[in-house]
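Dropping coords.cif in here (mmCIF, C-alpha atoms and all ligand atoms):
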```
data_upload
#
loop_
_atom_site.label_atom_id
_atom_site.label_comp_id
_atom_site.auth_asym_id
_atom_site.auth_seq_id
_atom_site.Cartn_x
_atom_site.Cartn_y
_atom_site.Cartn_z
CA PRO A 112 7.47 -123.36 -218.02
CA ALA A 113 6.38 -122.81 -221.60
CA SER A 114 9.47 -120.69 -222.22
CA ALA A 115 11.85 -123.60 -221.42
CA ARG A 116 14.44 -124.30 -224.13
CA VAL A 117 17.52 -126.52 -224.14
CA ASP A 118 20.66 -125.17 -225.81
CA ARG A 119 23.37 -127.36 -227.32
CA HIS A 120 25.41 -127.49 -224.13
CA GLY A 121 22.47 -129.05 -222.32
CA GLU A 122 21.70 -125.79 -220.57
CA LEU A 123 17.98 -125.43 -219.85
CA LEU A 124 16.87 -121.86 -220.41
CA VAL A 125 13.77 -120.51 -218.68
CA GLY A 126 12.68 -116.99 -219.49
CA GLY A 127 15.91 -116.80 -221.48
CA VAL A 128 18.05 -117.53 -218.39
CA GLY A 129 20.23 -120.63 -218.11
CA LEU A 130 19.38 -122.62 -215.00
CA ALA A 131 23.01 -123.66 -214.39
CA GLU A 132 24.03 -120.03 -214.59
CA ALA A 133 21.25 -119.06 -212.16
CA ALA A 134 22.29 -121.89 -209.83
CA ASP A 135 25.88 -120.65 -209.86
CA ARG A 136 24.76 -117.12 -209.17
CA PHE A 137 22.14 -117.74 -206.47
CA GLY A 138 23.12 -121.17 -205.13
CA THR A 139 20.93 -124.25 -204.76
CA PRO A 140 18.28 -125.34 -204.02
CA LEU A 141 16.90 -122.56 -206.15
CA TYR A 142 13.32 -121.93 -207.18
CA VAL A 143 13.04 -120.09 -210.48
CA LEU A 144 9.76 -118.39 -211.37
CA ASP A 145 8.99 -117.39 -214.93
CA GLU A 146 7.24 -114.03 -214.56
CA ASP A 147 5.86 -114.08 -218.10
CA GLU A 148 4.31 -117.48 -217.51
CA VAL A 149 2.48 -116.28 -214.39
CA ARG A 150 1.25 -113.22 -216.26
CA ALA A 151 0.26 -115.26 -219.32
CA ARG A 152 -1.70 -117.73 -217.20
CA ALA A 153 -3.49 -114.91 -215.40
CA ARG A 154 -4.39 -113.34 -218.75
CA THR A 155 -5.55 -116.67 -220.16
CA TYR A 156 -7.94 -117.07 -217.23
CA ARG A 157 -9.38 -113.61 -217.67
CA ALA A 158 -9.80 -114.08 -221.41
CA ALA A 159 -11.41 -117.52 -221.00
CA LEU A 160 -13.89 -116.32 -218.37
CA PRO A 161 -14.69 -112.75 -219.40
CA GLY A 162 -17.80 -112.45 -217.23
CA ALA A 163 -16.16 -113.95 -214.17
CA GLU A 164 -13.90 -112.67 -211.45
CA VAL A 165 -10.63 -114.60 -211.18
CA LEU A 166 -8.95 -114.55 -207.78
CA TYR A 167 -5.47 -116.01 -207.42
CA ALA A 168 -5.29 -118.31 -204.38
CA ALA A 169 -2.26 -116.91 -202.57
CA LYS A 170 -1.75 -120.11 -200.58
CA ALA A 171 -0.16 -121.67 -203.67
CA PHE A 172 2.71 -119.16 -203.45
CA LEU A 173 2.84 -115.54 -202.37
CA SER A 174 5.50 -112.86 -202.45
CA SER A 175 5.29 -109.16 -203.23
CA ALA A 176 6.38 -109.82 -206.81
CA MET A 177 3.66 -112.43 -207.22
CA ALA A 178 1.09 -109.99 -205.85
CA ASP A 179 2.31 -107.40 -208.40
CA TRP A 180 2.11 -109.82 -211.31
CA VAL A 181 -1.40 -111.12 -210.67
CA GLY A 182 -2.62 -107.69 -209.59
CA GLU A 183 -1.31 -106.01 -212.74
CA GLU A 184 -2.98 -108.70 -214.85
CA GLY A 185 -6.31 -107.83 -213.27
CA LEU A 186 -6.83 -110.75 -210.93
CA GLY A 187 -8.23 -110.55 -207.43
CA MET A 188 -6.65 -112.56 -204.64
CA ASP A 189 -7.85 -115.12 -202.13
CA VAL A 190 -5.95 -114.84 -198.84
CA CYS A 191 -6.44 -117.03 -195.79
CA SER A 192 -4.42 -115.50 -192.97
CA ALA A 193 -3.33 -112.18 -191.55
CA GLY A 194 0.09 -112.93 -193.03
CA GLU A 195 -1.16 -113.31 -196.59
CA LEU A 196 -3.53 -110.39 -196.12
CA ARG A 197 -0.83 -108.06 -194.83
CA LEU A 198 1.73 -109.09 -197.41
CA ALA A 199 -0.77 -108.43 -200.21
CA VAL A 200 -1.88 -105.06 -198.89
CA GLU A 201 1.63 -103.92 -198.00
CA ALA A 202 2.73 -104.91 -201.51
CA GLY A 203 0.11 -102.49 -202.79
CA PHE A 204 -2.55 -104.99 -203.84
CA PRO A 205 -5.98 -103.30 -203.92
CA PRO A 206 -7.84 -104.48 -200.78
CA GLU A 207 -11.21 -104.37 -202.47
CA ARG A 208 -9.99 -107.16 -204.76
CA LEU A 209 -9.11 -109.39 -201.79
CA LEU A 210 -11.23 -112.17 -200.41
CA LEU A 211 -10.52 -113.62 -196.95
CA HIS A 212 -10.93 -117.32 -196.27
CA GLY A 213 -10.36 -119.51 -193.27
CA ASN A 214 -12.09 -121.98 -191.00
CA ALA A 215 -10.44 -120.48 -187.93
CA LYS A 216 -10.01 -116.77 -188.39
CA SER A 217 -8.89 -114.98 -185.28
CA THR A 218 -10.61 -111.84 -184.06
CA GLU A 219 -7.44 -109.92 -184.95
CA GLU A 220 -7.61 -111.26 -188.50
CA LEU A 221 -11.26 -110.30 -188.89
CA ARG A 222 -10.60 -106.87 -187.43
CA LEU A 223 -7.65 -106.33 -189.78
CA ALA A 224 -9.70 -107.44 -192.79
CA LEU A 225 -12.47 -105.01 -191.89
CA ARG A 226 -10.06 -102.19 -191.21
CA LEU A 227 -8.30 -102.74 -194.54
CA ARG A 228 -11.71 -103.02 -196.19
CA VAL A 229 -11.19 -106.31 -198.00
CA GLY A 230 -13.72 -106.90 -200.73
CA ARG A 231 -15.22 -110.09 -199.32
CA ILE A 232 -15.03 -112.34 -196.31
CA VAL A 233 -16.09 -115.98 -196.58
CA VAL A 234 -17.80 -117.13 -193.41
CA ASP A 235 -17.17 -120.69 -192.34
CA SER A 236 -18.83 -121.29 -188.98
CA PHE A 237 -21.90 -120.22 -187.00
CA SER A 238 -19.87 -118.58 -184.26
CA GLU A 239 -17.95 -116.48 -186.76
CA ILE A 240 -21.04 -114.71 -188.09
CA PRO A 241 -22.04 -112.68 -185.01
CA ARG A 242 -18.37 -112.23 -184.11
CA LEU A 243 -17.65 -110.65 -187.50
CA ALA A 244 -20.85 -108.60 -187.40
CA ALA A 245 -19.96 -107.22 -183.97
CA LEU A 246 -16.61 -106.01 -185.30
CA SER A 247 -17.92 -104.52 -188.49
CA ILE A 248 -17.94 -100.78 -188.40
CA ALA A 249 -21.27 -99.36 -189.41
CA ARG A 250 -20.25 -97.21 -192.43
CA SER A 251 -21.19 -99.84 -195.00
CA PRO A 252 -22.03 -103.50 -194.47
CA GLN A 253 -19.19 -105.97 -195.12
CA PRO A 254 -19.88 -108.23 -198.13
CA VAL A 255 -19.71 -111.90 -197.16
CA LEU A 256 -20.03 -115.24 -198.88
CA VAL A 257 -21.30 -118.34 -197.08
CA ARG A 258 -19.07 -121.36 -197.61
CA VAL A 259 -21.15 -124.40 -198.45
CA VAL A 260 -20.20 -128.09 -198.54
CA PRO A 261 -21.76 -129.28 -201.79
CA GLU A 262 -20.99 -132.95 -201.08
CA VAL A 263 -19.10 -133.44 -204.29
CA ARG A 264 -16.02 -135.65 -204.15
CA ALA A 265 -13.02 -134.36 -206.12
CA GLY A 266 -9.29 -133.78 -205.76
CA HIS A 267 -6.01 -135.64 -205.94
CA HIS A 268 -5.82 -136.81 -202.31
CA GLU A 269 -8.12 -137.29 -199.32
CA SER A 270 -6.28 -134.48 -197.49
CA VAL A 271 -7.41 -131.86 -200.01
CA ARG A 272 -11.05 -132.99 -200.55
CA THR A 273 -12.97 -130.11 -199.03
CA GLY A 274 -16.25 -130.58 -200.89
CA VAL A 275 -17.33 -133.68 -199.00
CA ALA A 276 -19.20 -134.15 -195.74
CA GLY A 277 -17.12 -135.06 -192.73
CA GLN A 278 -14.35 -132.48 -193.17
CA LYS A 279 -13.81 -129.24 -191.31
CA PHE A 280 -14.79 -126.55 -193.84
CA GLY A 281 -18.07 -124.84 -194.50
CA PHE A 282 -21.74 -125.46 -193.81
CA ARG A 283 -23.39 -128.69 -194.88
CA LEU A 284 -26.21 -128.57 -197.39
CA ALA A 285 -27.79 -131.71 -195.99
CA GLY A 286 -29.43 -131.09 -192.64
CA GLY A 287 -29.96 -127.42 -193.37
CA ASP A 288 -26.77 -125.92 -191.90
CA ALA A 289 -26.11 -123.85 -195.03
CA GLU A 290 -29.62 -122.39 -194.98
CA GLU A 291 -29.28 -121.58 -191.30
CA ALA A 292 -25.98 -119.82 -191.99
CA VAL A 293 -27.67 -117.75 -194.68
CA ASP A 294 -30.40 -116.82 -192.17
CA ALA A 295 -27.75 -115.85 -189.62
CA VAL A 296 -25.93 -113.57 -192.09
CA LEU A 297 -29.14 -111.95 -193.28
CA ALA A 298 -30.04 -111.20 -189.66
CA GLN A 299 -26.90 -109.07 -189.26
CA PRO A 300 -27.24 -105.46 -190.47
CA GLY A 301 -23.44 -105.10 -190.44
CA LEU A 302 -23.09 -107.84 -193.07
CA ARG A 303 -24.27 -108.01 -196.65
CA LEU A 304 -24.79 -111.49 -198.08
CA ALA A 305 -23.19 -111.31 -201.54
CA GLY A 306 -23.47 -114.99 -202.34
CA LEU A 307 -22.31 -118.54 -201.82
CA HIS A 308 -18.91 -120.20 -201.97
CA CYS A 309 -17.62 -123.73 -202.26
CA HIS A 310 -14.19 -125.23 -202.79
CA LEU A 311 -14.18 -128.86 -203.85
CA GLY A 312 -10.55 -129.85 -203.60
CA SER A 313 -7.27 -129.47 -205.41
CA GLN A 314 -5.65 -130.88 -208.56
CA ILE A 315 -9.06 -131.63 -210.09
CA THR A 316 -8.68 -132.58 -213.74
CA GLU A 317 -12.32 -132.90 -214.76
CA VAL A 318 -15.11 -130.36 -215.18
CA GLU A 319 -17.96 -132.60 -213.98
CA PRO A 320 -17.47 -132.00 -210.24
CA TYR A 321 -17.85 -128.25 -210.84
CA LEU A 322 -21.06 -128.85 -212.79
CA ALA A 323 -22.43 -130.90 -209.91
CA ALA A 324 -21.50 -128.14 -207.46
CA VAL A 325 -23.25 -125.53 -209.61
CA GLU A 326 -26.48 -127.57 -209.51
CA ARG A 327 -26.39 -127.90 -205.72
CA LEU A 328 -25.51 -124.28 -205.03
CA VAL A 329 -28.06 -122.87 -207.44
CA GLY A 330 -30.64 -125.09 -205.74
CA LEU A 331 -29.71 -123.43 -202.44
CA MET A 332 -29.89 -119.99 -204.05
CA ALA A 333 -33.45 -120.78 -205.12
CA ARG A 334 -34.37 -121.83 -201.58
CA VAL A 335 -32.88 -118.59 -200.24
CA ARG A 336 -34.96 -116.64 -202.73
CA ASP A 337 -38.14 -118.56 -201.76
CA ARG A 338 -37.50 -118.12 -198.05
CA HIS A 339 -36.22 -114.56 -197.87
CA GLY A 340 -36.99 -113.00 -201.23
CA VAL A 341 -33.24 -112.40 -201.59
CA GLU A 342 -31.49 -112.99 -204.92
CA LEU A 343 -27.78 -113.61 -204.42
CA SER A 344 -25.43 -111.89 -206.83
CA GLU A 345 -22.28 -114.03 -206.58
CA LEU A 346 -21.33 -117.68 -206.84
CA ASP A 347 -17.73 -118.60 -206.02
CA LEU A 348 -16.69 -122.09 -207.13
CA GLY A 349 -13.29 -121.96 -205.44
CA GLY A 350 -10.14 -123.29 -207.04
CA GLY A 351 -8.74 -126.74 -207.60
CA HIS A 352 -7.91 -126.55 -211.28
CA GLY A 353 -5.41 -129.31 -211.93
CA VAL A 354 -2.15 -128.96 -213.84
CA CYS A 355 0.03 -131.46 -215.66
CA TYR A 356 2.92 -132.76 -213.50
CA LEU A 357 4.11 -135.65 -215.67
CA PRO A 358 4.46 -135.79 -219.44
CA GLY A 359 1.05 -136.68 -220.87
CA GLY A 360 -0.57 -136.38 -217.45
CA PRO A 361 -4.10 -135.00 -217.04
CA GLU A 362 -4.92 -131.38 -216.36
CA LEU A 363 -8.11 -129.36 -216.13
CA ASP A 364 -9.07 -128.12 -219.58
CA LEU A 365 -9.72 -124.43 -218.99
CA ALA A 366 -11.49 -124.01 -222.33
CA GLU A 367 -13.89 -126.81 -221.41
CA PHE A 368 -14.40 -125.33 -217.95
CA ALA A 369 -15.08 -121.94 -219.51
CA SER A 370 -17.57 -123.29 -221.99
CA ARG A 371 -19.47 -125.67 -219.72
CA VAL A 372 -19.52 -124.09 -216.25
CA PRO A 373 -21.01 -120.67 -217.11
CA ALA A 374 -23.50 -122.42 -219.41
CA ALA A 375 -24.53 -124.82 -216.65
CA LEU A 376 -24.88 -121.91 -214.27
CA ALA A 377 -27.08 -120.00 -216.71
CA ALA A 378 -29.21 -123.09 -217.37
CA ALA A 379 -29.69 -123.90 -213.67
CA CYS A 380 -30.64 -120.30 -212.92
CA ALA A 381 -33.12 -120.26 -215.80
CA ARG A 382 -34.73 -123.44 -214.46
CA HIS A 383 -35.17 -121.83 -211.05
CA GLY A 384 -36.17 -118.43 -212.43
CA LEU A 385 -33.10 -116.78 -210.86
CA PRO A 386 -30.92 -114.02 -212.28
CA VAL A 387 -27.47 -115.40 -213.17
CA PRO A 388 -24.97 -114.52 -210.43
CA ARG A 389 -21.46 -113.35 -211.16
CA LEU A 390 -19.09 -116.32 -211.23
CA LEU A 391 -15.93 -116.26 -209.13
CA VAL A 392 -13.05 -118.74 -209.40
CA GLU A 393 -9.97 -119.08 -207.21
CA PRO A 394 -7.20 -120.89 -209.08
CA GLY A 395 -3.90 -121.10 -207.23
CA ARG A 396 -1.95 -124.03 -208.60
CA ALA A 397 -3.04 -123.40 -212.20
CA ILE A 398 -1.51 -119.93 -212.11
CA ALA A 399 1.67 -120.67 -210.15
CA ALA A 400 2.73 -124.31 -210.50
CA PRO A 401 3.77 -124.43 -214.19
CA ALA A 402 5.68 -121.15 -213.83
CA GLY A 403 8.10 -122.56 -211.27
CA ILE A 404 11.05 -124.90 -211.57
CA ALA A 405 13.22 -126.15 -208.71
CA VAL A 406 16.96 -126.60 -209.24
CA TYR A 407 18.97 -128.87 -206.97
CA ARG A 408 22.62 -129.87 -206.82
CA VAL A 409 23.38 -133.59 -206.56
CA LEU A 410 25.48 -134.20 -203.46
CA SER A 411 25.95 -137.94 -203.71
CA VAL A 412 25.07 -140.89 -205.90
CA LYS A 413 24.81 -144.24 -204.17
CA ARG A 414 24.23 -147.72 -205.51
CA SER A 415 22.74 -150.04 -202.91
CA SER A 416 23.23 -153.83 -202.77
CA ASP A 417 19.69 -154.40 -204.06
CA GLY A 418 20.54 -152.53 -207.23
CA ARG A 419 18.73 -149.29 -206.43
CA VAL A 420 20.45 -146.06 -207.32
CA TYR A 421 19.94 -143.04 -205.09
CA ALA A 422 20.85 -139.52 -206.12
CA ALA A 423 20.74 -137.28 -203.07
CA VAL A 424 20.20 -133.57 -203.64
CA ASP A 425 20.68 -130.52 -201.44
CA GLY A 426 16.94 -129.98 -200.84
CA GLY A 427 14.08 -132.35 -200.20
CA MET A 428 10.98 -132.56 -198.06
CA SER A 429 11.74 -129.21 -196.42
CA ASP A 430 11.28 -127.36 -199.71
CA ASN A 431 8.86 -129.83 -201.30
CA PRO A 432 6.77 -131.81 -198.82
CA ARG A 433 4.24 -132.87 -201.49
CA PRO A 434 5.70 -136.32 -202.29
CA ALA A 435 5.86 -137.18 -198.58
CA LEU A 436 2.42 -135.74 -197.79
CA TYR A 437 0.39 -136.87 -200.78
CA GLY A 438 2.58 -139.31 -202.71
CA ALA A 439 2.80 -136.57 -205.35
CA ARG A 440 4.81 -137.50 -208.43
CA TYR A 441 7.17 -135.25 -210.34
CA ALA A 442 9.37 -135.24 -213.41
CA VAL A 443 13.08 -134.47 -213.09
CA ARG A 444 15.86 -133.84 -215.58
CA LEU A 445 19.58 -133.27 -215.73
CA VAL A 446 20.49 -129.68 -216.57
CA GLY A 447 23.75 -127.88 -217.27
CA ARG A 448 25.42 -130.58 -219.36
CA VAL A 449 24.63 -133.08 -222.08
CA SER A 450 25.00 -136.75 -221.18
CA GLU A 451 25.44 -139.50 -223.77
CA SER A 452 24.85 -142.19 -221.12
CA ALA A 453 21.83 -144.44 -221.24
CA ALA A 454 19.06 -143.66 -218.79
CA ARG A 455 18.53 -145.83 -215.73
CA ALA A 456 16.09 -145.74 -212.84
CA VAL A 457 17.22 -143.44 -210.06
CA ASP A 458 15.47 -142.46 -206.84
CA VAL A 459 16.04 -138.75 -206.37
CA VAL A 460 16.09 -138.31 -202.61
CA GLY A 461 16.42 -135.29 -200.36
CA ARG A 462 18.94 -134.56 -197.67
CA HIS A 463 16.64 -134.89 -194.68
CA CYS A 464 16.80 -137.44 -191.91
CA GLU A 465 13.89 -139.59 -193.03
CA ALA A 466 13.70 -142.53 -195.39
CA GLY A 467 10.48 -141.02 -196.73
CA ASP A 468 12.32 -137.98 -198.02
CA VAL A 469 12.09 -139.07 -201.65
CA LEU A 470 11.44 -136.37 -204.25
CA VAL A 471 11.11 -138.55 -207.34
CA ARG A 472 11.00 -142.33 -207.22
CA GLY A 473 12.25 -144.25 -210.24
CA ALA A 474 13.27 -141.23 -212.30
CA ARG A 475 14.95 -141.96 -215.65
CA LEU A 476 18.33 -140.25 -215.41
CA PRO A 477 21.66 -140.80 -217.18
CA ALA A 478 23.87 -143.57 -215.81
CA ASP A 479 26.80 -141.17 -215.48
CA LEU A 480 24.88 -138.88 -213.09
CA ARG A 481 27.37 -137.74 -210.46
CA ALA A 482 27.85 -135.44 -207.50
CA GLY A 483 27.94 -131.84 -208.65
CA ASP A 484 25.33 -132.31 -211.39
CA LEU A 485 22.22 -130.16 -211.39
CA LEU A 486 18.70 -131.58 -211.48
CA ALA A 487 15.61 -129.57 -212.29
CA VAL A 488 12.07 -130.40 -211.15
CA PRO A 489 9.41 -128.61 -213.20
CA THR A 490 5.87 -127.64 -212.14
CA ALA A 491 7.33 -126.50 -208.84
CA GLY A 492 5.64 -123.11 -208.46
CA ALA A 493 2.74 -124.08 -206.17
CA TYR A 494 2.50 -125.57 -202.66
CA GLN A 495 6.23 -126.14 -202.35
CA LEU A 496 7.72 -122.84 -201.24
CA SER A 497 4.45 -122.01 -199.51
CA MET A 498 4.60 -125.23 -197.50
CA ALA A 499 8.37 -125.26 -197.02
CA SER A 500 9.64 -125.87 -193.49
CA GLY A 501 12.76 -125.34 -191.47
CA TYR A 502 13.32 -129.07 -190.94
CA ASN A 503 16.89 -129.91 -189.96
CA LEU A 504 17.61 -126.16 -190.04
CA VAL A 505 18.46 -126.53 -193.71
CA GLY A 506 16.93 -123.14 -194.49
CA ARG A 507 14.27 -122.42 -197.06
CA PRO A 508 15.56 -121.99 -200.61
CA ALA A 509 16.25 -118.84 -202.56
CA VAL A 510 13.63 -117.71 -205.10
CA ALA A 511 14.54 -115.93 -208.32
CA ALA A 512 12.36 -114.49 -211.05
CA VAL A 513 13.35 -114.69 -214.70
CA ARG A 514 12.17 -112.53 -217.57
CA ASP A 515 13.60 -111.46 -220.91
CA GLY A 516 16.92 -113.20 -220.33
CA ARG A 517 17.47 -111.63 -216.92
CA ALA A 518 17.23 -113.15 -213.45
CA ARG A 519 16.65 -111.31 -210.21
CA LEU A 520 16.53 -112.57 -206.66
CA LEU A 521 13.09 -112.25 -205.05
CA ILE A 522 13.66 -114.06 -201.77
CA ARG A 523 17.09 -114.80 -200.35
CA ARG A 524 17.99 -118.18 -198.93
CA GLU A 525 17.13 -118.68 -195.26
CA THR A 526 20.22 -118.92 -193.10
CA VAL A 527 21.23 -120.26 -189.72
CA GLU A 528 21.35 -116.63 -188.63
CA ASP A 529 17.64 -116.36 -189.44
CA PHE A 530 16.89 -119.32 -187.19
CA ARG A 531 19.14 -118.04 -184.44
CA ALA A 532 17.68 -114.56 -184.63
CA ARG A 533 14.35 -115.92 -183.39
CA GLU A 534 15.91 -117.49 -180.32
CA VAL A 535 15.32 -115.16 -177.43
CA GLY A 536 16.06 -117.40 -174.48
CA ARG A 537 17.94 -120.44 -173.32
N1 LIG B 601 -9.83 -121.63 -202.70
C1 LIG B 601 -9.82 -122.23 -201.50
C2 LIG B 601 -10.87 -121.91 -200.52
C3 LIG B 601 -8.83 -123.17 -201.20
O1 LIG B 601 -8.84 -123.76 -200.02
C4 LIG B 601 -7.84 -123.46 -202.16
C5 LIG B 601 -6.80 -124.43 -201.87
C6 LIG B 601 -7.87 -122.79 -203.39
C7 LIG B 601 -8.90 -121.88 -203.63
C8 LIG B 601 -6.85 -123.00 -204.46
O2 LIG B 601 -6.82 -124.31 -204.89
P1 LIG B 601 -5.90 -124.68 -206.16
O3 LIG B 601 -6.49 -123.99 -207.36
O4 LIG B 601 -4.55 -124.22 -205.89
O5 LIG B 601 -5.97 -126.17 -206.23
N2 LIG B 601 -1.27 -128.40 -200.44
C9 LIG B 601 -2.10 -129.14 -201.38
C10 LIG B 601 -3.18 -128.28 -201.96
C11 LIG B 601 -4.03 -127.65 -200.89
C12 LIG B 601 -5.09 -126.76 -201.45
C13 LIG B 601 -5.74 -125.99 -200.35
N3 LIG B 601 -6.76 -125.10 -200.77
C14 LIG B 601 -1.23 -129.72 -202.48
O6 LIG B 601 -0.05 -129.42 -202.51
O7 LIG B 601 -1.71 -130.49 -203.29
#
```
Once more with this new file: its structure as structure tokens, please.
Amino acid sequence: PASARVDRHGELLVGGVGLAEAADRFGTPLYVLDEDEVRARARTYRAALPGAEVLYAAKAFLSSAMADWVGEEGLGMDVCSAGELRLAVEAGFPPERLLLHGNAKSTEELRLALRLRVGRIVVDSFSEIPRLAALSIARSPQPVLVRVVPEVRAGHHESVRTGVAGQKFGFRLAGGDAEEAVDAVLAQPGLRLAGLHCHLGSQITEVEPYLAAVERLVGLMARVRDRHGVELSELDLGGGHGVCYLPGGPELDLAEFASRVPAALAAACARHGLPVPRLLVEPGRAIAAPAGIAVYRVLSVKRSSDGRVYAAVDGGMSDNPRPALYGARYAVRLVGRVSESAARAVDVVGRHCEAGDVLVRGARLPADLRAGDLLAVPTAGAYQLSMASGYNLVGRPAVAAVRDGRARLLIRRETVEDFRAREVGR
């Protein structure tokens, strides 16, 4: 986080709170979220894109506190399950600022979204359109967006490239599926077609893919106008804004995005004689990731006969599956003490029963690293807690928020009792 400072005892302070002190108080593994950083990032987005609507993608990380922070800073929220939807609404998030996604929404989820009156629902398949329309209660038509596959390749890993043909989301442009979906929505009096949506992928560090998507989607908007005389009022470009994980690593330049994307949208609309739709963006990682830092305790340090050094920590792939899933790379540093030792290459590994449970390969850490030391992994606020599992019944970590020199527990550590409480038979 931007607030991170190191004091002379080697203590890393985030939001004015020492991480070693927080680790002592709450235990490890501990995820620390810097509330001010989340709020500042939300505000930066709003200021950079004044004409646009910014929706936080809750899949990156969601808790009631997070819903409060982004809600109070004026963001909307993208939710993709009944769980995210209910948590947001029960936390007091305004439903009209919610947008529901999903390629496989259940009837219960659609019914709940309609009953709670979410602002928008993004339709993702032909069968969903009449199903949603049949559930929609006649008082006022439900605004929907049609999710389109723009056939633009972007994102850090094949698993997250959702803008290309041959993956499960959305309606293809080629072959006319997207136009047919638009026809199907327009044919339903219970639905109001607000606009189009696309999501290219995640951890995108360049603006060009978004510019390409704008061209394709505005082209479709023009065809919709020619065919139906309907001018769509919204264009949602999804999320995917990349952040910096390693020192000097690439990230999406928000200022460049904000200067080029709305301009490209205006230019494309002018070319087609269309009014400029309202732009929507759905950043998840860019709001949450840099605000989080994971703190682990070293449980053992091992030197193997081939010269490798392994430092095993008390978390791993159950709290951060990203290295195992995507080969994601992270930085790591010693916290809580100053070491004068020279740095050497260390594989920081987790505690799980798989050789692939490696958090950081080849980290530069002091040669005197020992059991009991604390290690911190920055940029940990997105897609770690939200993808955490109960593997080996280790229990998902505690989550604390820091602000103005004070720490408070947001989510307690998961315990064996939690696992056992779900057992109802034997
Ligand atoms: N909108 C939609 C429709 C999405 O599917 C996603 C992410 C977002 C917005 C937010 O994307 P972001 O700004 O956070 O990149 N687990 C993967 C990332 C999966 C992203 C899924 N969809 C990872 O850890 O890299």
Environment of ligand LIG 601 (chain B) within 7 Å, counting all atoms listed in the file, reported as a list of chain:residue names: A:Ala168, A:Lys170, A:Ala171, A:Asp189, A:His212, A:Val271, A:His310, A:Gly312, A:Ser313, A:Gln314, A:Gly349, A:Gly350, A:Gly351, A:His352, A:Gly353, A:Glu393, A:Pro394, A:Gly395, A:Arg396, A:Ala397, A:Arg433, A:Tyr494
All residues 9 Å or closer to Gly185 of chain A, all atoms listed in the file, same chain fewer than 2 positions away omitted, as a ChimeraX atom specification: /A:153-154,157,165,180-183,187
Would you compute, for all listed atoms of segment 133-141 of chain A, the axis-aligned bounding box grown by 3 Å on each side, and then report its centre and edge lengths in Å rounded to one decimal, as lines of an AutoDock Vina configuration file?
```
center_x = 21.4
center_y = -121.2
center_z = -208.1
size_x = 15.0
size_y = 14.2
size_z = 14.1
```
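With all atoms listed in the file as the atoms that count, the minimum distance from Pro161 of chain A to the choices A:Arg371, A:Arg222, A:Arg389, A:Arg382 is reached by A:Arg389.
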Distance in Å - atom CA of Val443 of chain A versus atom CA of Val471 of chain A: 7.3 Å
Atom-to-atom span, atom CA of His463 of chain A and atom CA of Ser411 of chain A, Å: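 Here the two named atoms are 13.3 Å from each other.
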Two-atom distance - atom CA of Leu357 of chain A, atom CA of Leu436 of chain A (Å):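 It comes out at 18.0 Å.
Within 7 Å of segment 204-207 of chain A, once all atoms listed in the file are used and residues closer than 5 positions along the same chain are dropped, the contacting residues are A:Ala178, A:Gly182, A:Ala199, A:Leu227, A:Arg228, A:Val229, A:Gly230.
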Residue with smallest distance to Arg455 of chain A - pool A:Gly127, A:Pro434, A:Pro252, A:Gly473, counting only C-alpha atoms: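 Under the stated criterion, the closest residue is A:Gly473.
When the distance limit is 8 Å and all atoms listed in the file are what count, the residues near Leu390 of chain A, minus those fewer than 5 positions from it on the same chain, are Gly162, Ala163, Glu164, Glu345, Leu346, Asp347, Leu348 and Pro373 of chain A.
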Under the rule of at most 9 Å, produce a per-residue listing of segment 390-456 of chain A near segment 500-517 of chain A: chain, number, name, the closest pair of atoms, and the distance in Å, as a Markdown table, using all atoms listed in the file.
```
| residue | atom | partner | partner_atom | distance |
| --- | --- | --- | --- | --- |
| A:Asp425 | CA | A:Val505 | CA | 9.0 |
| A:Gly426 | CA | A:Val505 | CA | 8.1 |
| A:Met428 | CA | A:Ser500 | CA | 8.2 |
| A:Ser429 | CA | A:Ser500 | CA | 4.9 |
| A:Asp430 | CA | A:Arg507 | CA | 6.4 |
| A:Asn431 | CA | A:Ser500 | CA | 8.8 |
| A:Pro432 | CA | A:Ser500 | CA | 8.5 |
```
